[in-house]
file upload25.json (JSON, C-alpha atoms)
[["chain", "number", "residue", "atom", "x", "y", "z"],
["F", 112, "MET", "CA", 82.38, 123.08, 94.65],
["F", 113, "GLU", "CA", 81.93, 120.51, 97.43],
["F", 114, "LEU", "CA", 85.46, 119.06, 97.21],
["F", 115, "ALA", "CA", 86.95, 122.56, 97.40],
["F", 116, "ASP", "CA", 85.08, 123.11, 100.67],
["F", 117, "ARG", "CA", 86.43, 119.82, 102.02],
["F", 118, "ILE", "CA", 89.95, 120.88, 101.04],
["F", 119, "ARG", "CA", 89.54, 124.23, 102.82],
["F", 120, "LYS", "CA", 88.50, 122.39, 106.01],
["F", 121, "ALA", "CA", 91.31, 119.82, 105.87],
["F", 122, "LYS", "CA", 94.53, 120.20, 107.82],
["F", 123, "ARG", "CA", 96.47, 118.65, 104.95],
["F", 124, "VAL", "CA", 95.66, 116.98, 101.63],
["F", 125, "PHE", "CA", 97.18, 113.71, 100.43],
["F", 126, "LEU", "CA", 96.77, 112.32, 96.90],
["F", 127, "ALA", "CA", 97.56, 108.94, 95.40],
["F", 128, "GLY", "CA", 97.04, 106.98, 92.22],
["F", 129, "ASN", "CA", 98.74, 104.41, 89.99],
["F", 130, "GLY", "CA", 100.40, 105.08, 86.64],
["F", 131, "GLY", "CA", 98.71, 107.98, 84.86],
["F", 132, "SER", "CA", 96.56, 108.58, 87.93],
["F", 133, "HIS", "CA", 99.72, 108.99, 90.04],
["F", 134, "ALA", "CA", 101.06, 111.49, 87.50],
["F", 135, "ASN", "CA", 97.72, 113.29, 87.79],
["F", 136, "ALA", "CA", 98.00, 113.23, 91.59],
["F", 137, "ILE", "CA", 101.37, 115.00, 91.29],
["F", 138, "HIS", "CA", 99.87, 117.50, 88.84],
["F", 139, "ILE", "CA", 96.95, 118.23, 91.19],
["F", 140, "GLN", "CA", 99.36, 118.49, 94.15],
["F", 141, "ASN", "CA", 101.30, 121.19, 92.30],
["F", 142, "ASP", "CA", 98.08, 122.97, 91.34],
["F", 143, "LEU", "CA", 96.94, 122.98, 94.98],
["F", 144, "LEU", "CA", 100.31, 124.21, 96.18],
["F", 145, "SER", "CA", 100.09, 127.09, 93.69],
["F", 146, "VAL", "CA", 96.91, 128.31, 95.43],
["F", 147, "GLY", "CA", 98.38, 127.91, 98.92],
["F", 148, "ILE", "CA", 97.00, 124.47, 99.86],
["F", 149, "ALA", "CA", 99.41, 122.03, 101.54],
["F", 150, "ALA", "CA", 99.16, 118.91, 99.39],
["F", 151, "PHE", "CA", 101.35, 115.81, 99.31],
["F", 152, "THR", "CA", 102.01, 112.73, 97.19],
["F", 153, "ILE", "CA", 104.31, 109.84, 97.98],
["F", 154, "ASP", "CA", 107.83, 110.24, 96.62],
["F", 155, "PRO", "CA", 109.30, 107.58, 94.29],
["F", 156, "ALA", "CA", 111.96, 106.41, 96.76],
["F", 157, "THR", "CA", 109.42, 105.75, 99.51],
["F", 158, "LEU", "CA", 107.00, 104.16, 97.05],
["F", 159, "THR", "CA", 109.55, 101.72, 95.65],
["F", 160, "ALA", "CA", 111.16, 100.94, 99.02],
["F", 161, "THR", "CA", 107.76, 100.18, 100.56],
["F", 162, "ALA", "CA", 106.75, 98.08, 97.56],
["F", 163, "ASN", "CA", 110.00, 96.13, 97.83],
["F", 164, "ASP", "CA", 109.79, 95.60, 101.59],
["F", 165, "TYR", "CA", 106.03, 95.17, 102.15],
["F", 166, "GLY", "CA", 104.39, 94.65, 98.75],
["F", 167, "TYR", "CA", 102.81, 97.05, 96.32],
["F", 168, "GLU", "CA", 99.37, 96.62, 97.87],
["F", 169, "GLN", "CA", 100.61, 98.45, 100.98],
["F", 170, "VAL", "CA", 102.53, 101.39, 99.50],
["F", 171, "PHE", "CA", 99.90, 104.07, 100.07],
["F", 172, "SER", "CA", 98.41, 102.54, 103.21],
["F", 173, "ARG", "CA", 101.76, 102.43, 105.05],
["F", 174, "TRP", "CA", 102.51, 105.98, 103.90],
["F", 175, "LEU", "CA", 99.19, 107.25, 105.28],
["F", 176, "LYS", "CA", 99.70, 105.38, 108.56],
["F", 177, "THR", "CA", 102.95, 107.31, 108.95],
["F", 178, "VAL", "CA", 101.86, 110.80, 107.91],
["F", 179, "GLY", "CA", 98.05, 110.93, 107.96],
["F", 180, "THR", "CA", 95.98, 112.13, 110.89],
["F", 181, "LYS", "CA", 92.39, 112.90, 111.72],
["F", 182, "GLY", "CA", 91.34, 116.08, 109.96],
["F", 183, "ASP", "CA", 93.41, 115.39, 106.84],
["F", 184, "LEU", "CA", 91.87, 114.65, 103.43],
["F", 185, "PHE", "CA", 92.90, 111.76, 101.20],
["F", 186, "ILE", "CA", 92.08, 112.03, 97.50],
["F", 187, "ALA", "CA", 92.28, 108.64, 95.79],
["F", 188, "LEU", "CA", 92.56, 108.65, 92.00],
["F", 189, "SER", "CA", 91.83, 105.47, 90.07],
["F", 190, "GLY", "CA", 90.55, 104.80, 86.58],
["F", 191, "SER", "CA", 89.12, 101.42, 87.55],
["F", 192, "GLY", "CA", 88.46, 101.90, 91.25],
["F", 193, "LYS", "CA", 89.68, 98.32, 91.74],
["F", 194, "SER", "CA", 93.37, 98.76, 92.55],
["F", 195, "PRO", "CA", 94.09, 96.89, 95.81],
["F", 196, "ASN", "CA", 96.63, 99.47, 96.98],
["F", 197, "ILE", "CA", 94.19, 102.36, 96.45],
["F", 198, "LEU", "CA", 91.32, 100.53, 98.13],
["F", 199, "MET", "CA", 93.57, 99.62, 101.09],
["F", 200, "ALA", "CA", 94.70, 103.24, 101.37],
["F", 201, "CYS", "CA", 91.07, 104.44, 101.44],
["F", 202, "LYS", "CA", 90.32, 101.99, 104.24],
["F", 203, "THR", "CA", 93.41, 103.06, 106.19],
["F", 204, "ALA", "CA", 92.55, 106.75, 105.76],
["F", 205, "GLU", "CA", 89.03, 106.14, 107.06],
["F", 206, "GLU", "CA", 90.41, 104.19, 110.05],
["F", 207, "LEU", "CA", 92.67, 107.16, 110.84],
["F", 208, "GLY", "CA", 89.69, 109.52, 110.78],
["F", 209, "MET", "CA", 90.72, 111.19, 107.55],
["F", 210, "ASP", "CA", 88.14, 112.48, 105.09],
["F", 211, "VAL", "CA", 88.32, 110.41, 101.88],
["F", 212, "HIS", "CA", 87.39, 111.49, 98.35],
["F", 213, "ARG", "CA", 87.33, 108.73, 95.74],
["F", 214, "GLU", "CA", 87.75, 109.84, 92.14],
["F", 215, "PHE", "CA", 87.12, 106.51, 90.42],
["F", 216, "GLY", "CA", 86.44, 106.75, 86.70],
["F", 217, "ALA", "CA", 84.69, 103.39, 86.38],
["F", 218, "GLU", "CA", 82.10, 104.52, 88.96],
["F", 219, "GLN", "CA", 81.33, 107.39, 86.59],
["F", 220, "GLY", "CA", 81.13, 105.02, 83.61],
["F", 221, "LEU", "CA", 84.38, 106.34, 82.11],
["F", 222, "GLN", "CA", 87.00, 104.49, 80.09],
["F", 223, "MET", "CA", 90.59, 104.78, 81.40],
["F", 224, "GLN", "CA", 91.65, 107.65, 79.13],
["F", 225, "ASP", "CA", 88.49, 109.61, 79.93],
["F", 226, "ALA", "CA", 88.92, 108.91, 83.64],
["F", 227, "GLU", "CA", 92.44, 110.33, 83.63],
["F", 228, "GLU", "CA", 91.30, 113.40, 81.69],
["F", 229, "SER", "CA", 88.51, 113.85, 84.24],
["F", 230, "GLN", "CA", 91.09, 113.80, 87.04],
["F", 231, "ILE", "CA", 93.00, 116.68, 85.44],
["F", 232, "ARG", "CA", 89.77, 118.63, 84.91],
["F", 233, "LEU", "CA", 89.01, 118.11, 88.59],
["F", 234, "GLY", "CA", 92.40, 119.59, 89.51],
["F", 235, "HIS", "CA", 91.87, 122.60, 87.28],
["F", 236, "ASP", "CA", 88.34, 123.11, 88.61],
["F", 237, "LEU", "CA", 89.75, 123.01, 92.14],
["F", 238, "MET", "CA", 92.36, 125.64, 91.27],
["F", 239, "ARG", "CA", 89.61, 127.98, 90.05],
["F", 240, "ALA", "CA", 87.42, 127.30, 93.08],
["F", 241, "LEU", "CA", 90.24, 127.74, 95.60],
["F", 242, "LYS", "CA", 91.74, 130.99, 94.27]]

call {"tool": "encode", "arguments": {"input": "upload25.json", "output": "structure tokens"}}
result
Amino acid sequence: MELADRIRKAKRVFLAGNGGSHANAIHIQNDLLSVGIAAFTIDPATLTATANDYGYEQVFSRWLKTVGTKGDLFIALSGSGKSPNILMACKTAEELGMDVHREFGAEQGLQMQDAEESQIRLGHDLMRALK
């Protein structure tokens, strides 16, 4: 699995999404941790403080600017692939020299519910591939 190889090469893995996709990011983070991969999502306090102080569009971008470095991998989860905060985070990650994987359901022709189910399948496939 190509993404599993990218995860093995990464120093650290960061995941982000909105709503159900954020819940899936947390689920995948826990799955990766269970197979010994350092994976991180933004915590609710940081997310809401950043949204309050800088705007929701910047929550993931500012987080990555603080913790992300070249050699890390950013996995962006989005049903639509149009969320400004996710797109901004992808751009920031690329500017930092991070590897970026976009898991955008709409690009695969999926409806929202199917996109979120696909994200969970991805996480489970990664667990099997990384054992």

call {"tool": "axis_aligned_box", "arguments": {"input": "upload25.json", "around": "region 231-242 of chain F", "padding_each_side": "8 Å", "output": "AutoDock Vina command-line options"}}
result
--center_x 90.2 --center_y 123.8 --center_z 90.3 --size_x 21.6 --size_y 30.3 --size_z 26.7

call {"tool": "residues_around", "arguments": {"input": "upload25.json", "residues": "Asp116 (chain F)", "least_positions_apart": "3", "cutoff": "10 Å", "atoms": "all atoms listed in the file", "output": "list of chain:residue names"}}
result
F:Met112, F:Glu113, F:Arg119, F:Lys120, F:Ala121, F:Leu237, F:Ala240, F:Leu241

call {"tool": "write_last_selection", "arguments": {"input": "upload25.json", "atoms": "C-alpha atoms", "output": "PDB file, in the frame of the given file"}}
result
ATOM      1  CA  MET F 112      82.380 123.080  94.650  1.00  0.00           C
ATOM      2  CA  GLU F 113      81.930 120.510  97.430  1.00  0.00           C
ATOM      3  CA  ARG F 119      89.540 124.230 102.820  1.00  0.00           C
ATOM      4  CA  LYS F 120      88.500 122.390 106.010  1.00  0.00           C
ATOM      5  CA  ALA F 121      91.310 119.820 105.870  1.00  0.00           C
ATOM      6  CA  LEU F 237      89.750 123.010  92.140  1.00  0.00           C
ATOM      7  CA  ALA F 240      87.420 127.300  93.080  1.00  0.00           C
ATOM      8  CA  LEU F 241      90.240 127.740  95.600  1.00  0.00           C
TER       9      LEU F 241
END

call {"tool": "residues_around", "arguments": {"input": "upload25.json", "residues": "Ala136 (chain F)", "least_positions_apart": "2", "cutoff": "8 Å", "atoms": "all atoms listed in the file", "output": "ChimeraX atom specification"}}
result
/F:126-128,132-134,138-140,152,188

call {"tool": "write_last_selection", "arguments": {"input": "upload25.json", "atoms": "C-alpha atoms", "output": "mmCIF file, in the frame of the given file"}}
result
data_model
loop_
_atom_site.group_PDB
_atom_site.id
_atom_site.type_symbol
_atom_site.label_atom_id
_atom_site.label_comp_id
_atom_site.auth_asym_id
_atom_site.auth_seq_id
_atom_site.Cartn_x
_atom_site.Cartn_y
_atom_site.Cartn_z
ATOM 1 C CA LEU F 126 96.770 112.320 96.900
ATOM 2 C CA ALA F 127 97.560 108.940 95.400
ATOM 3 C CA GLY F 128 97.040 106.980 92.220
ATOM 4 C CA SER F 132 96.560 108.580 87.930
ATOM 5 C CA HIS F 133 99.720 108.990 90.040
ATOM 6 C CA ALA F 134 101.060 111.490 87.500
ATOM 7 C CA HIS F 138 99.870 117.500 88.840
ATOM 8 C CA ILE F 139 96.950 118.230 91.190
ATOM 9 C CA GLN F 140 99.360 118.490 94.150
ATOM 10 C CA THR F 152 102.010 112.730 97.190
ATOM 11 C CA LEU F 188 92.560 108.650 92.000
#

call {"tool": "residues_around", "arguments": {"input": "upload25.json", "residues": "Ala156 (chain F)", "least_positions_apart": "6", "cutoff": "12 Å", "atoms": "all atoms listed in the file", "output": "list of chain:residue names"}}
result
F:Ala162, F:Asn163, F:Val170, F:Trp174

call {"tool": "residues_around", "arguments": {"input": "upload25.json", "residues": "Glu205 (chain F)", "least_positions_apart": "5", "cutoff": "10 Å", "atoms": "all atoms listed in the file", "output": "NGL selection string"}}
result
:F and (180-181 or 184-185 or 199-200 or 210-211)

call {"tool": "write_last_selection", "arguments": {"input": "upload25.json", "atoms": "C-alpha atoms", "output": "mmCIF file, in the coordinates of the input"}}
result
data_model
loop_
_atom_site.group_PDB
_atom_site.id
_atom_site.type_symbol
_atom_site.label_atom_id
_atom_site.label_comp_id
_atom_site.auth_asym_id
_atom_site.auth_seq_id
_atom_site.Cartn_x
_atom_site.Cartn_y
_atom_site.Cartn_z
ATOM 1 C CA THR F 180 95.980 112.130 110.890
ATOM 2 C CA LYS F 181 92.390 112.900 111.720
ATOM 3 C CA LEU F 184 91.870 114.650 103.430
ATOM 4 C CA PHE F 185 92.900 111.760 101.200
ATOM 5 C CA MET F 199 93.570 99.620 101.090
ATOM 6 C CA ALA F 200 94.700 103.240 101.370
ATOM 7 C CA ASP F 210 88.140 112.480 105.090
ATOM 8 C CA VAL F 211 88.320 110.410 101.880
#

call {"tool": "residues_around", "arguments": {"input": "upload25.json", "residues": "Met223 (chain F)", "least_positions_apart": "6", "cutoff": "9 Å", "atoms": "all atoms listed in the file", "output": "JSON, numbers by chain"}}
result
{"F": [189, 190, 191, 216, 217]}

call {"tool": "closest_residue", "arguments": {"input": "upload25.json", "among": "F:Arg117, F:His235, F:Lys193, F:Lys176", "to": "Leu207 (chain F)", "atoms": "all atoms listed in the file"}}
result
F:Lys176

call {"tool": "closest_residue", "arguments": {"input": "upload25.json", "among": "F:Gln230, F:Thr203, F:Thr159, F:Ser172", "to": "Asn135 (chain F)", "atoms": "all atoms listed in the file"}}
result
F:Gln230

call {"tool": "closest_residue", "arguments": {"input": "upload25.json", "among": "F:Gly147, F:Met238, F:Gln169, F:Asn141", "to": "Pro195 (chain F)", "atoms": "all atoms listed in the file"}}
result
F:Gln169

call {"tool": "closest_residue", "arguments": {"input": "upload25.json", "among": "F:Tyr167, F:Glu206, F:Gly130, F:Val124", "to": "Phe151 (chain F)", "atoms": "only C-alpha atoms"}}
result
F:Val124

call {"tool": "closest_residue", "arguments": {"input": "upload25.json", "among": "F:Gly166, F:Arg213, F:Ile137, F:Ile118", "to": "Ile231 (chain F)", "atoms": "all atoms listed in the file"}}
result
F:Ile137

call {"tool": "atom_distance", "arguments": {"input": "upload25.json", "atom1": "CA of Asp225 (chain F)", "atom2": "CA of Ala204 (chain F)"}}
result
26.3 Å

call {"tool": "closest_residue", "arguments": {"input": "upload25.json", "among": "F:Leu221, F:Gly182, F:Ile197, F:Leu143", "to": "Lys122 (chain F)", "atoms": "all atoms listed in the file"}}
result
F:Gly182

call {"tool": "atom_distance", "arguments": {"input": "upload25.json", "atom1": "CA of Arg232 (chain F)", "atom2": "CA of Leu114 (chain F)"}}
result
13.0 Å

call {"tool": "atom_distance", "arguments": {"input": "upload25.json", "atom1": "CA of Ala150 (chain F)", "atom2": "CA of Tyr165 (chain F)"}}
result
24.9 Å

call {"tool": "decode", "arguments": {"input": "upload25.json", "residues": "region 153-164 of chain F", "atoms": "all heavy atoms", "output": "PDB file, in the first residue's frame"}}
result
ATOM      1  N   ILE F 153      -5.199  17.575  16.112  1.00  0.00           N
ATOM      2  CA  ILE F 153      -5.283  18.771  16.941  1.00  0.00           C
ATOM      3  C   ILE F 153      -6.284  18.518  18.076  1.00  0.00           C
ATOM      4  O   ILE F 153      -7.314  17.880  17.874  1.00  0.00           O
ATOM      5  CB  ILE F 153      -5.680  19.992  16.084  1.00  0.00           C
ATOM      6  CG1 ILE F 153      -5.489  21.295  16.850  1.00  0.00           C
ATOM      7  CG2 ILE F 153      -7.091  19.848  15.549  1.00  0.00           C
ATOM      8  CD1 ILE F 153      -5.611  22.548  15.973  1.00  0.00           C
ATOM      9  N   ASP F 154      -5.942  18.994  19.259  1.00  0.00           N
ATOM     10  CA  ASP F 154      -6.843  18.796  20.400  1.00  0.00           C
ATOM     11  C   ASP F 154      -7.938  19.859  20.392  1.00  0.00           C
ATOM     12  O   ASP F 154      -7.765  20.939  19.802  1.00  0.00           O
ATOM     13  CB  ASP F 154      -6.056  18.834  21.711  1.00  0.00           C
ATOM     14  CG  ASP F 154      -5.471  20.206  21.982  1.00  0.00           C
ATOM     15  OD1 ASP F 154      -4.329  20.466  21.526  1.00  0.00           O
ATOM     16  OD2 ASP F 154      -6.155  21.018  22.630  1.00  0.00           O
ATOM     17  N   PRO F 155      -9.080  19.569  21.022  1.00  0.00           N
ATOM     18  CA  PRO F 155     -10.215  20.509  20.982  1.00  0.00           C
ATOM     19  C   PRO F 155      -9.915  21.883  21.561  1.00  0.00           C
ATOM     20  O   PRO F 155     -10.402  22.886  21.039  1.00  0.00           O
ATOM     21  CB  PRO F 155     -11.301  19.797  21.795  1.00  0.00           C
ATOM     22  CG  PRO F 155     -10.936  18.355  21.754  1.00  0.00           C
ATOM     23  CD  PRO F 155      -9.432  18.312  21.682  1.00  0.00           C
ATOM     24  N   ALA F 156      -9.106  21.966  22.601  1.00  0.00           N
ATOM     25  CA  ALA F 156      -8.812  23.276  23.190  1.00  0.00           C
ATOM     26  C   ALA F 156      -8.026  24.152  22.213  1.00  0.00           C
ATOM     27  O   ALA F 156      -8.331  25.333  22.035  1.00  0.00           O
ATOM     28  CB  ALA F 156      -8.038  23.100  24.495  1.00  0.00           C
ATOM     29  N   THR F 157      -7.021  23.571  21.575  1.00  0.00           N
ATOM     30  CA  THR F 157      -6.230  24.327  20.599  1.00  0.00           C
ATOM     31  C   THR F 157      -7.081  24.698  19.401  1.00  0.00           C
ATOM     32  O   THR F 157      -7.021  25.831  18.899  1.00  0.00           O
ATOM     33  CB  THR F 157      -5.006  23.508  20.158  1.00  0.00           C
ATOM     34  OG1 THR F 157      -4.214  23.206  21.316  1.00  0.00           O
ATOM     35  CG2 THR F 157      -4.166  24.258  19.143  1.00  0.00           C
ATOM     36  N   LEU F 158      -7.901  23.762  18.928  1.00  0.00           N
ATOM     37  CA  LEU F 158      -8.763  24.011  17.781  1.00  0.00           C
ATOM     38  C   LEU F 158      -9.698  25.185  18.050  1.00  0.00           C
ATOM     39  O   LEU F 158      -9.777  26.127  17.261  1.00  0.00           O
ATOM     40  CB  LEU F 158      -9.556  22.752  17.440  1.00  0.00           C
ATOM     41  CG  LEU F 158     -10.370  22.814  16.156  1.00  0.00           C
ATOM     42  CD1 LEU F 158     -10.394  21.436  15.498  1.00  0.00           C
ATOM     43  CD2 LEU F 158     -11.774  23.275  16.398  1.00  0.00           C
ATOM     44  N   THR F 159     -10.378  25.159  19.193  1.00  0.00           N
ATOM     45  CA  THR F 159     -11.355  26.220  19.465  1.00  0.00           C
ATOM     46  C   THR F 159     -10.683  27.542  19.810  1.00  0.00           C
ATOM     47  O   THR F 159     -11.193  28.606  19.432  1.00  0.00           O
ATOM     48  CB  THR F 159     -12.347  25.805  20.569  1.00  0.00           C
ATOM     49  OG1 THR F 159     -11.620  25.448  21.752  1.00  0.00           O
ATOM     50  CG2 THR F 159     -13.202  24.626  20.119  1.00  0.00           C
ATOM     51  N   ALA F 160      -9.551  27.513  20.497  1.00  0.00           N
ATOM     52  CA  ALA F 160      -8.838  28.757  20.792  1.00  0.00           C
ATOM     53  C   ALA F 160      -8.337  29.412  19.511  1.00  0.00           C
ATOM     54  O   ALA F 160      -8.461  30.626  19.331  1.00  0.00           O
ATOM     55  CB  ALA F 160      -7.673  28.485  21.742  1.00  0.00           C
ATOM     56  N   THR F 161      -7.779  28.606  18.611  1.00  0.00           N
ATOM     57  CA  THR F 161      -7.286  29.148  17.344  1.00  0.00           C
ATOM     58  C   THR F 161      -8.438  29.685  16.511  1.00  0.00           C
ATOM     59  O   THR F 161      -8.337  30.759  15.910  1.00  0.00           O
ATOM     60  CB  THR F 161      -6.498  28.077  16.568  1.00  0.00           C
ATOM     61  OG1 THR F 161      -5.442  27.577  17.400  1.00  0.00           O
ATOM     62  CG2 THR F 161      -5.911  28.635  15.284  1.00  0.00           C
ATOM     63  N   ALA F 162      -9.535  28.958  16.468  1.00  0.00           N
ATOM     64  CA  ALA F 162     -10.706  29.427  15.715  1.00  0.00           C
ATOM     65  C   ALA F 162     -11.200  30.751  16.277  1.00  0.00           C
ATOM     66  O   ALA F 162     -11.545  31.672  15.519  1.00  0.00           O
ATOM     67  CB  ALA F 162     -11.817  28.377  15.759  1.00  0.00           C
ATOM     68  N   ASN F 163     -11.225  30.866  17.593  1.00  0.00           N
ATOM     69  CA  ASN F 163     -11.682  32.098  18.231  1.00  0.00           C
ATOM     70  C   ASN F 163     -10.740  33.264  17.952  1.00  0.00           C
ATOM     71  O   ASN F 163     -11.185  34.372  17.665  1.00  0.00           O
ATOM     72  CB  ASN F 163     -11.795  31.877  19.747  1.00  0.00           C
ATOM     73  CG  ASN F 163     -12.368  33.077  20.454  1.00  0.00           C
ATOM     74  OD1 ASN F 163     -13.505  33.464  20.211  1.00  0.00           O
ATOM     75  ND2 ASN F 163     -11.574  33.676  21.332  1.00  0.00           N
ATOM     76  N   ASP F 164      -9.434  33.010  18.033  1.00  0.00           N
ATOM     77  CA  ASP F 164      -8.459  34.094  17.911  1.00  0.00           C
ATOM     78  C   ASP F 164      -8.099  34.443  16.469  1.00  0.00           C
ATOM     79  O   ASP F 164      -7.780  35.600  16.182  1.00  0.00           O
ATOM     80  CB  ASP F 164      -7.178  33.726  18.658  1.00  0.00           C
ATOM     81  CG  ASP F 164      -7.388  33.633  20.162  1.00  0.00           C
ATOM     82  OD1 ASP F 164      -8.442  34.082  20.661  1.00  0.00           O
ATOM     83  OD2 ASP F 164      -6.497  33.092  20.846  1.00  0.00           O
TER      84      ASP F 164
END
